[in-house]
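Participant: data-v7.pdb is reproduced below (PDB, N, CA and C atoms).
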```pdb
ATOM      1  N   MET A   1       6.195 -13.775  -2.371
ATOM      2  CA  MET A   1       4.904 -13.817  -3.020
ATOM      3  C   MET A   1       4.383 -15.249  -2.922
ATOM      4  N   PRO A   2       3.081 -15.413  -2.689
ATOM      5  CA  PRO A   2       2.532 -16.763  -2.588
ATOM      6  C   PRO A   2       2.568 -17.476  -3.932
ATOM      7  N   ASP A   3       2.627 -18.810  -3.868
ATOM      8  CA  ASP A   3       2.577 -19.602  -5.096
ATOM      9  C   ASP A   3       1.210 -19.476  -5.734
ATOM     10  N   GLU A   4       1.166 -19.657  -7.060
ATOM     11  CA  GLU A   4      -0.104 -19.628  -7.783
ATOM     12  C   GLU A   4      -1.059 -20.617  -7.130
ATOM     13  N   GLY A   5      -2.235 -20.155  -6.775
ATOM     14  CA  GLY A   5      -3.236 -20.991  -6.137
ATOM     15  C   GLY A   5      -3.077 -21.088  -4.630
ATOM     16  N   GLY A   6      -1.975 -20.554  -4.109
ATOM     17  CA  GLY A   6      -1.745 -20.586  -2.665
ATOM     18  C   GLY A   6      -2.387 -19.392  -1.994
ATOM     19  N   PRO A   7      -2.397 -19.386  -0.678
ATOM     20  CA  PRO A   7      -2.997 -18.266   0.036
ATOM     21  C   PRO A   7      -2.162 -16.998  -0.143
ATOM     22  N   ALA A   8      -2.821 -15.871  -0.231
ATOM     23  CA  ALA A   8      -2.156 -14.579  -0.395
ATOM     24  C   ALA A   8      -2.049 -13.905   0.960
ATOM     25  N   VAL A   9      -1.186 -14.425   1.825
ATOM     26  CA  VAL A   9      -1.019 -13.895   3.169
ATOM     27  C   VAL A   9       0.169 -12.958   3.172
ATOM     28  N   LEU A  10      -0.046 -11.724   3.557
ATOM     29  CA  LEU A  10       1.032 -10.751   3.612
ATOM     30  C   LEU A  10       1.752 -10.801   4.951
ATOM     31  N   TRP A  11       1.029 -10.962   6.042
ATOM     32  CA  TRP A  11       1.638 -10.932   7.364
ATOM     33  C   TRP A  11       0.776 -11.709   8.340
ATOM     34  N   ARG A  12       1.437 -12.402   9.248
ATOM     35  CA  ARG A  12       0.760 -13.126  10.320
ATOM     36  C   ARG A  12       1.306 -12.626  11.649
ATOM     37  N   ALA A  13       0.525 -12.704  12.690
ATOM     38  CA  ALA A  13       0.957 -12.244  14.007
ATOM     39  C   ALA A  13       2.202 -12.983  14.479
ATOM     40  N   SER A  14       2.433 -14.190  14.000
ATOM     41  CA  SER A  14       3.606 -14.962  14.409
ATOM     42  C   SER A  14       4.869 -14.553  13.658
ATOM     43  N   ASP A  15       4.756 -13.714  12.641
ATOM     44  CA  ASP A  15       5.927 -13.283  11.875
ATOM     45  C   ASP A  15       6.894 -12.513  12.761
ATOM     46  N   GLU A  16       8.157 -12.595  12.427
ATOM     47  CA  GLU A  16       9.200 -11.948  13.227
ATOM     48  C   GLU A  16       9.062 -10.434  13.241
ATOM     49  N   ARG A  17       8.724  -9.845  12.116
ATOM     50  CA  ARG A  17       8.556  -8.392  12.083
ATOM     51  C   ARG A  17       7.261  -8.049  11.363
ATOM     52  N   PRO A  18       6.594  -6.992  11.799
ATOM     53  CA  PRO A  18       5.344  -6.595  11.145
ATOM     54  C   PRO A  18       5.628  -5.980   9.780
ATOM     55  N   PRO A  19       4.610  -5.868   8.946
ATOM     56  CA  PRO A  19       4.803  -5.231   7.645
ATOM     57  C   PRO A  19       5.103  -3.745   7.851
ATOM     58  N   PRO A  20       5.719  -3.125   6.849
ATOM     59  CA  PRO A  20       6.023  -1.695   6.998
ATOM     60  C   PRO A  20       4.746  -0.865   7.040
ATOM     61  N   CYS A  21       4.715   0.063   7.949
ATOM     62  CA  CYS A  21       3.597   0.987   8.042
ATOM     63  C   CYS A  21       4.157   2.392   7.926
ATOM     64  N   ASN A  22       3.438   3.261   7.294
ATOM     65  CA  ASN A  22       3.911   4.631   7.108
ATOM     66  C   ASN A  22       5.297   4.631   6.469
ATOM     67  N   ALA A  23       5.433   3.930   5.372
ATOM     68  CA  ALA A  23       6.731   3.770   4.723
ATOM     69  C   ALA A  23       6.718   4.328   3.305
ATOM     70  N   THR A  24       7.857   4.873   2.908
ATOM     71  CA  THR A  24       8.034   5.247   1.509
ATOM     72  C   THR A  24       8.439   3.990   0.737
ATOM     73  N   LEU A  25       8.333   4.036  -0.584
ATOM     74  CA  LEU A  25       8.648   2.856  -1.384
ATOM     75  C   LEU A  25      10.118   2.458  -1.301
ATOM     76  N   ASP A  26      10.997   3.386  -0.921
ATOM     77  CA  ASP A  26      12.410   3.044  -0.820
ATOM     78  C   ASP A  26      12.810   2.569   0.584
ATOM     79  N   HIS A  27      11.852   2.481   1.505
ATOM     80  CA  HIS A  27      12.092   1.943   2.845
ATOM     81  C   HIS A  27      12.433   0.459   2.690
ATOM     82  N   SER A  28      13.485  -0.011   3.351
ATOM     83  CA  SER A  28      14.006  -1.361   3.130
ATOM     84  C   SER A  28      12.949  -2.477   3.230
ATOM     85  N   PRO A  29      12.138  -2.574   4.296
ATOM     86  CA  PRO A  29      11.125  -3.647   4.333
ATOM     87  C   PRO A  29      10.079  -3.502   3.218
ATOM     88  N   MET A  30       9.717  -2.282   2.881
ATOM     89  CA  MET A  30       8.764  -2.083   1.777
ATOM     90  C   MET A  30       9.411  -2.505   0.464
ATOM     91  N   ASN A  31      10.664  -2.140   0.284
ATOM     92  CA  ASN A  31      11.385  -2.509  -0.926
ATOM     93  C   ASN A  31      11.480  -4.032  -1.047
ATOM     94  N   ASP A  32      11.648  -4.730   0.077
ATOM     95  CA  ASP A  32      11.673  -6.196   0.070
ATOM     96  C   ASP A  32      10.346  -6.759  -0.425
ATOM     97  N   LEU A  33       9.240  -6.197   0.050
ATOM     98  CA  LEU A  33       7.924  -6.656  -0.407
ATOM     99  C   LEU A  33       7.752  -6.418  -1.908
ATOM    100  N   LEU A  34       8.126  -5.242  -2.359
ATOM    101  CA  LEU A  34       7.995  -4.931  -3.786
ATOM    102  C   LEU A  34       8.894  -5.834  -4.615
ATOM    103  N   GLY A  35      10.069  -6.142  -4.100
ATOM    104  CA  GLY A  35      10.988  -7.026  -4.809
ATOM    105  C   GLY A  35      10.518  -8.464  -4.868
ATOM    106  N   SER A  36       9.596  -8.850  -3.973
ATOM    107  CA  SER A  36       9.084 -10.216  -3.967
ATOM    108  C   SER A  36       7.889 -10.391  -4.897
ATOM    109  N   GLY A  37       7.481  -9.327  -5.583
ATOM    110  CA  GLY A  37       6.412  -9.457  -6.567
ATOM    111  C   GLY A  37       5.157  -8.669  -6.289
ATOM    112  N   TYR A  38       5.111  -7.959  -5.176
ATOM    113  CA  TYR A  38       3.947  -7.114  -4.899
ATOM    114  C   TYR A  38       4.092  -5.786  -5.635
ATOM    115  N   HIS A  39       2.973  -5.147  -5.928
ATOM    116  CA  HIS A  39       2.947  -3.868  -6.633
ATOM    117  C   HIS A  39       2.177  -2.854  -5.801
ATOM    118  N   ASP A  40       2.665  -1.629  -5.776
ATOM    119  CA  ASP A  40       1.980  -0.539  -5.087
ATOM    120  C   ASP A  40       0.900   0.012  -6.009
ATOM    121  N   ALA A  41      -0.340   0.052  -5.542
ATOM    122  CA  ALA A  41      -1.459   0.484  -6.380
ATOM    123  C   ALA A  41      -1.298   1.923  -6.860
ATOM    124  N   ALA A  42      -0.789   2.803  -6.008
ATOM    125  CA  ALA A  42      -0.589   4.195  -6.422
ATOM    126  C   ALA A  42       0.433   4.279  -7.545
ATOM    127  N   ASP A  43       1.545   3.607  -7.376
ATOM    128  CA  ASP A  43       2.606   3.630  -8.380
ATOM    129  C   ASP A  43       2.115   3.035  -9.699
ATOM    130  N   ALA A  44       1.370   1.942  -9.621
ATOM    131  CA  ALA A  44       0.889   1.261 -10.826
ATOM    132  C   ALA A  44      -0.108   2.099 -11.627
ATOM    133  N   THR A  45      -0.783   3.037 -10.961
ATOM    134  CA  THR A  45      -1.781   3.866 -11.648
ATOM    135  C   THR A  45      -1.283   5.278 -11.927
ATOM    136  N   GLY A  46       0.016   5.522 -11.740
ATOM    137  CA  GLY A  46       0.571   6.843 -12.014
ATOM    138  C   GLY A  46       0.372   7.856 -10.901
ATOM    139  N   ASN A  47       0.004   7.384  -9.704
ATOM    140  CA  ASN A  47      -0.228   8.272  -8.565
ATOM    141  C   ASN A  47       0.800   8.084  -7.457
ATOM    142  N   GLY A  48       1.940   7.519  -7.785
ATOM    143  CA  GLY A  48       2.934   7.164  -6.796
ATOM    144  C   GLY A  48       3.542   8.324  -6.036
ATOM    145  N   LEU A  49       3.450   9.529  -6.571
ATOM    146  CA  LEU A  49       4.017  10.687  -5.885
ATOM    147  C   LEU A  49       2.959  11.569  -5.221
ATOM    148  N   THR A  50       1.719  11.113  -5.177
ATOM    149  CA  THR A  50       0.662  11.869  -4.512
ATOM    150  C   THR A  50       0.820  11.707  -3.002
ATOM    151  N   ALA A  51       1.059  12.816  -2.305
ATOM    152  CA  ALA A  51       1.310  12.765  -0.864
ATOM    153  C   ALA A  51       0.074  12.295  -0.094
ATOM    154  N   THR A  52       0.315  11.446   0.898
ATOM    155  CA  THR A  52      -0.767  10.977   1.769
ATOM    156  C   THR A  52      -0.624  11.506   3.195
ATOM    157  N   TRP A  53       0.520  12.110   3.503
ATOM    158  CA  TRP A  53       0.764  12.667   4.832
ATOM    159  C   TRP A  53       1.732  13.831   4.718
ATOM    160  N   PRO A  54       1.637  14.883   5.468
ATOM    161  CA  PRO A  54       0.490  15.250   6.303
ATOM    162  C   PRO A  54      -0.600  15.891   5.450
ATOM    163  N   GLN A  55      -1.805  15.674   5.830
ATOM    164  CA  GLN A  55      -2.928  16.220   5.078
ATOM    165  C   GLN A  55      -2.980  17.748   5.175
ATOM    166  N   GLN A  56      -2.559  18.292   6.317
ATOM    167  CA  GLN A  56      -2.662  19.732   6.550
ATOM    168  C   GLN A  56      -1.563  20.531   5.863
ATOM    169  N   ARG A  57      -0.557  19.890   5.316
ATOM    170  CA  ARG A  57       0.559  20.574   4.660
ATOM    171  C   ARG A  57       1.250  21.544   5.602
ATOM    172  N   TRP A  58       1.739  21.025   6.716
ATOM    173  CA  TRP A  58       2.476  21.843   7.657
ATOM    174  C   TRP A  58       3.674  22.455   6.948
ATOM    175  N   GLU A  59       3.981  23.696   7.254
ATOM    176  CA  GLU A  59       5.045  24.402   6.561
ATOM    177  C   GLU A  59       6.398  23.707   6.673
ATOM    178  N   SER A  60       6.706  23.135   7.819
ATOM    179  CA  SER A  60       8.020  22.539   8.017
ATOM    180  C   SER A  60       8.118  21.086   7.542
ATOM    181  N   VAL A  61       7.008  20.504   7.114
ATOM    182  CA  VAL A  61       7.007  19.095   6.720
ATOM    183  C   VAL A  61       6.513  18.974   5.280
ATOM    184  N   PRO A  62       7.366  18.491   4.368
ATOM    185  CA  PRO A  62       6.894  18.282   2.998
ATOM    186  C   PRO A  62       5.953  17.083   2.946
ATOM    187  N   GLY A  63       5.042  17.078   2.017
ATOM    188  CA  GLY A  63       4.146  15.935   1.869
ATOM    189  C   GLY A  63       4.894  14.730   1.335
ATOM    190  N   VAL A  64       4.586  13.560   1.881
ATOM    191  CA  VAL A  64       5.199  12.317   1.421
ATOM    192  C   VAL A  64       4.136  11.246   1.227
ATOM    193  N   THR A  65       4.462  10.260   0.441
ATOM    194  CA  THR A  65       3.563   9.130   0.185
ATOM    195  C   THR A  65       3.972   7.988   1.098
ATOM    196  N   ILE A  66       3.190   7.781   2.171
ATOM    197  CA  ILE A  66       3.550   6.738   3.137
ATOM    198  C   ILE A  66       2.409   5.762   3.418
ATOM    199  N   ASP A  67       1.303   5.891   2.714
ATOM    200  CA  ASP A  67       0.172   4.970   2.876
ATOM    201  C   ASP A  67       0.001   4.222   1.558
ATOM    202  N   HIS A  68      -0.172   2.904   1.640
ATOM    203  CA  HIS A  68      -0.129   2.087   0.428
ATOM    204  C   HIS A  68      -1.168   0.980   0.435
ATOM    205  N   VAL A  69      -1.545   0.559  -0.757
ATOM    206  CA  VAL A  69      -2.277  -0.689  -0.983
ATOM    207  C   VAL A  69      -1.371  -1.517  -1.879
ATOM    208  N   LEU A  70      -1.039  -2.722  -1.427
ATOM    209  CA  LEU A  70      -0.183  -3.606  -2.208
ATOM    210  C   LEU A  70      -1.007  -4.749  -2.781
ATOM    211  N   ALA A  71      -0.665  -5.149  -3.987
ATOM    212  CA  ALA A  71      -1.347  -6.255  -4.649
ATOM    213  C   ALA A  71      -0.298  -7.160  -5.276
ATOM    214  N   ASP A  72      -0.538  -8.474  -5.253
ATOM    215  CA  ASP A  72       0.425  -9.351  -5.922
ATOM    216  C   ASP A  72       0.126  -9.387  -7.415
ATOM    217  N   SER A  73       1.013 -10.021  -8.163
ATOM    218  CA  SER A  73       0.926  -9.951  -9.623
ATOM    219  C   SER A  73      -0.307 -10.644 -10.197
ATOM    220  N   ARG A  74      -1.013 -11.458  -9.406
ATOM    221  CA  ARG A  74      -2.239 -12.102  -9.895
ATOM    222  C   ARG A  74      -3.443 -11.171  -9.835
ATOM    223  N   MET A  75      -3.307 -10.051  -9.173
ATOM    224  CA  MET A  75      -4.433  -9.136  -8.962
ATOM    225  C   MET A  75      -4.357  -7.964  -9.934
ATOM    226  N   ALA A  76      -5.495  -7.553 -10.428
ATOM    227  CA  ALA A  76      -5.569  -6.364 -11.274
ATOM    228  C   ALA A  76      -5.742  -5.140 -10.381
ATOM    229  N   ILE A  77      -5.021  -4.090 -10.683
ATOM    230  CA  ILE A  77      -5.203  -2.818  -9.996
ATOM    231  C   ILE A  77      -6.020  -1.950 -10.932
ATOM    232  N   LYS A  78      -7.300  -1.798 -10.621
ATOM    233  CA  LYS A  78      -8.234  -1.119 -11.519
ATOM    234  C   LYS A  78      -8.306   0.378 -11.289
ATOM    235  N   ALA A  79      -8.160   0.824 -10.045
ATOM    236  CA  ALA A  79      -8.268   2.254  -9.741
ATOM    237  C   ALA A  79      -7.578   2.536  -8.418
ATOM    238  N   PHE A  80      -7.164   3.787  -8.272
ATOM    239  CA  PHE A  80      -6.543   4.228  -7.024
ATOM    240  C   PHE A  80      -6.824   5.704  -6.862
ATOM    241  N   GLY A  81      -7.060   6.135  -5.630
ATOM    242  CA  GLY A  81      -7.280   7.549  -5.371
ATOM    243  C   GLY A  81      -6.847   7.941  -3.977
ATOM    244  N   VAL A  82      -6.479   9.210  -3.825
ATOM    245  CA  VAL A  82      -6.143   9.796  -2.541
ATOM    246  C   VAL A  82      -7.177  10.881  -2.277
ATOM    247  N   HIS A  83      -7.747  10.894  -1.098
ATOM    248  CA  HIS A  83      -8.871  11.776  -0.806
ATOM    249  C   HIS A  83      -8.599  12.653   0.411
ATOM    250  N   ALA A  84      -9.505  13.533   0.719
ATOM    251  CA  ALA A  84      -9.423  14.384   1.900
ATOM    252  C   ALA A  84     -10.429  13.887   2.942
ATOM    253  N   LEU A  85     -10.079  14.031   4.199
ATOM    254  CA  LEU A  85     -10.966  13.656   5.284
ATOM    255  C   LEU A  85     -10.657  14.578   6.456
ATOM    256  N   PRO A  86     -11.657  15.261   6.974
ATOM    257  CA  PRO A  86     -11.402  16.180   8.091
ATOM    258  C   PRO A  86     -10.910  15.456   9.346
ATOM    259  N   ASP A  87     -10.179  16.188  10.170
ATOM    260  CA  ASP A  87      -9.774  15.731  11.505
ATOM    261  C   ASP A  87      -8.843  14.522  11.516
ATOM    262  N   THR A  88      -8.007  14.400  10.512
ATOM    263  CA  THR A  88      -6.985  13.348  10.511
ATOM    264  C   THR A  88      -5.735  13.880   9.835
ATOM    265  N   ASP A  89      -4.590  13.335  10.200
ATOM    266  CA  ASP A  89      -3.355  13.826   9.594
ATOM    267  C   ASP A  89      -3.003  13.105   8.295
ATOM    268  N   HIS A  90      -3.578  11.923   8.073
ATOM    269  CA  HIS A  90      -3.343  11.192   6.827
ATOM    270  C   HIS A  90      -4.505  11.387   5.863
ATOM    271  N   ARG A  91      -4.199  11.399   4.581
ATOM    272  CA  ARG A  91      -5.253  11.419   3.570
ATOM    273  C   ARG A  91      -5.660   9.972   3.300
ATOM    274  N   PRO A  92      -6.942   9.656   3.307
ATOM    275  CA  PRO A  92      -7.367   8.280   3.036
ATOM    276  C   PRO A  92      -7.075   7.888   1.593
ATOM    277  N   ILE A  93      -6.787   6.613   1.406
ATOM    278  CA  ILE A  93      -6.550   6.095   0.068
ATOM    279  C   ILE A  93      -7.603   5.035  -0.250
ATOM    280  N   PHE A  94      -7.855   4.875  -1.530
ATOM    281  CA  PHE A  94      -8.832   3.907  -2.015
ATOM    282  C   PHE A  94      -8.212   3.181  -3.193
ATOM    283  N   ALA A  95      -8.372   1.882  -3.241
ATOM    284  CA  ALA A  95      -7.934   1.107  -4.394
ATOM    285  C   ALA A  95      -9.010   0.106  -4.764
ATOM    286  N   GLU A  96      -9.250  -0.017  -6.040
ATOM    287  CA  GLU A  96     -10.146  -1.059  -6.550
ATOM    288  C   GLU A  96      -9.267  -2.130  -7.173
ATOM    289  N   LEU A  97      -9.378  -3.343  -6.616
ATOM    290  CA  LEU A  97      -8.559  -4.458  -7.072
ATOM    291  C   LEU A  97      -9.432  -5.546  -7.676
ATOM    292  N   GLY A  98      -8.904  -6.223  -8.657
ATOM    293  CA  GLY A  98      -9.570  -7.376  -9.230
ATOM    294  C   GLY A  98      -8.894  -8.637  -8.695
ATOM    295  N   LEU A  99      -9.636  -9.484  -8.017
ATOM    296  CA  LEU A  99      -9.079 -10.698  -7.432
ATOM    297  C   LEU A  99      -9.044 -11.814  -8.471
ATOM    298  N   PRO A 100      -8.050 -12.687  -8.390
ATOM    299  CA  PRO A 100      -7.946 -13.778  -9.365
ATOM    300  C   PRO A 100      -9.037 -14.817  -9.123
ATOM    301  N   ARG A 101      -9.403 -15.495 -10.184
ATOM    302  CA  ARG A 101     -10.355 -16.608 -10.067
ATOM    303  C   ARG A 101      -9.560 -17.872  -9.833
ATOM    304  N   PHE A 102     -10.061 -18.723  -8.951
ATOM    305  CA  PHE A 102      -9.412 -19.996  -8.679
ATOM    306  C   PHE A 102     -10.276 -21.106  -9.234
ATOM    307  N   ALA A 103      -9.651 -22.074  -9.884
ATOM    308  CA  ALA A 103     -10.376 -23.212 -10.468
ATOM    309  C   ALA A 103     -11.149 -23.940  -9.368
ATOM    310  N   GLY A 104     -12.371 -24.286  -9.666
ATOM    311  CA  GLY A 104     -13.194 -25.039  -8.727
ATOM    312  C   GLY A 104     -13.910 -24.205  -7.699
ATOM    313  N   HIS A 105     -13.777 -22.878  -7.768
ATOM    314  CA  HIS A 105     -14.441 -22.018  -6.783
ATOM    315  C   HIS A 105     -15.436 -21.124  -7.470
TER     316      HIS A 105
END
```
Translate this file's structure into structure tokens.
Facilitator:
Amino acid sequence: MPDEGGPAVLWRASDERPPPCNATLDHSPMNDLLGSGYHDAADATGNGLTATWPQQRWESVPGVTIDHVLADSRMAIKAFGVHALPDTDHRPIFAELGLPRFAGH
């Protein structure tokens, strides 16, 4: 997690490994991010078990939550939702976040 007042950079192209994509919260790289102080917006708003994939509910595949918005502890998580969108296998997610104020800005 970035220091107070420091930049909130989650990933840079020069990083050794990319951030987890399509991951459950117990996926090791995702768990590392959560352990460093980031919070999952769905989990924080009581929607952590709302499936985001597959949208079509294929019979052989149970729905899982693999799409996330992460926020560090300085940010307020005001709202979160999972929606429907035609012609895609993932359900879109929306989060409203409150950004911290920095002195002098």
Participant: Determine, counting all atoms listed in the file, which protein, DNA and RNA residues have an atom within 8 Å of an atom of stretch 51-66 of chain A; residues of the same chain fewer than 5 positions away are not included. Present the result as a PyMOL selection string.
Facilitator: chain A and resi 20-25+82-85+88-93
Participant: Filtering to N, CA and C atoms, could you give me those residues as a CSV table (one decimal), keeping the file's coordinate frame?
Facilitator:
```csv
chain,number,residue,atom,x,y,z
A,20,PRO,N,5.7,-3.1,6.8
A,20,PRO,CA,6.0,-1.7,7.0
A,20,PRO,C,4.7,-0.9,7.0
A,21,CYS,N,4.7,0.1,7.9
A,21,CYS,CA,3.6,1.0,8.0
A,21,CYS,C,4.2,2.4,7.9
A,22,ASN,N,3.4,3.3,7.3
A,22,ASN,CA,3.9,4.6,7.1
A,22,ASN,C,5.3,4.6,6.5
A,23,ALA,N,5.4,3.9,5.4
A,23,ALA,CA,6.7,3.8,4.7
A,23,ALA,C,6.7,4.3,3.3
A,24,THR,N,7.9,4.9,2.9
A,24,THR,CA,8.0,5.2,1.5
A,24,THR,C,8.4,4.0,0.7
A,25,LEU,N,8.3,4.0,-0.6
A,25,LEU,CA,8.6,2.9,-1.4
A,25,LEU,C,10.1,2.5,-1.3
A,82,VAL,N,-6.5,9.2,-3.8
A,82,VAL,CA,-6.1,9.8,-2.5
A,82,VAL,C,-7.2,10.9,-2.3
A,83,HIS,N,-7.7,10.9,-1.1
A,83,HIS,CA,-8.9,11.8,-0.8
A,83,HIS,C,-8.6,12.7,0.4
A,84,ALA,N,-9.5,13.5,0.7
A,84,ALA,CA,-9.4,14.4,1.9
A,84,ALA,C,-10.4,13.9,2.9
A,85,LEU,N,-10.1,14.0,4.2
A,85,LEU,CA,-11.0,13.7,5.3
A,85,LEU,C,-10.7,14.6,6.5
A,88,THR,N,-8.0,14.4,10.5
A,88,THR,CA,-7.0,13.3,10.5
A,88,THR,C,-5.7,13.9,9.8
A,89,ASP,N,-4.6,13.3,10.2
A,89,ASP,CA,-3.4,13.8,9.6
A,89,ASP,C,-3.0,13.1,8.3
A,90,HIS,N,-3.6,11.9,8.1
A,90,HIS,CA,-3.3,11.2,6.8
A,90,HIS,C,-4.5,11.4,5.9
A,91,ARG,N,-4.2,11.4,4.6
A,91,ARG,CA,-5.3,11.4,3.6
A,91,ARG,C,-5.7,10.0,3.3
A,92,PRO,N,-6.9,9.7,3.3
A,92,PRO,CA,-7.4,8.3,3.0
A,92,PRO,C,-7.1,7.9,1.6
A,93,ILE,N,-6.8,6.6,1.4
A,93,ILE,CA,-6.6,6.1,0.1
A,93,ILE,C,-7.6,5.0,-0.2
```
Participant: Any idea what the distance is between atom N of A:Ser28 and atom CA of A:Ile77?
Facilitator: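 Separation of atom N of A:Ser28 and atom CA of A:Ile77: 23.1 Å.
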Participant: What is the distance between atom CA of A:Leu99 and atom CA of A:Tyr38, in Å to one decimal?
Facilitator: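 Answer for the atom CA of A:Leu99 to atom CA of A:Tyr38 separation: 13.7 Å.
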Participant: In terms of the shortest atom-to-atom distance over all atoms listed in the file, which of A:Ala41, A:Glu96, A:Asn47, A:Leu33 is closest to A:His68?
Facilitator: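 Nearest candidate to A:His68 out of A:Ala41, A:Glu96, A:Asn47, A:Leu33: A:Ala41.
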Participant: What does the distance from atom CA of A:Met30 to atom C of A:Phe102 come to in Å, to one decimal?
Facilitator: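 Value for the atom CA of A:Met30-atom C of A:Phe102 distance: 29.1 Å.
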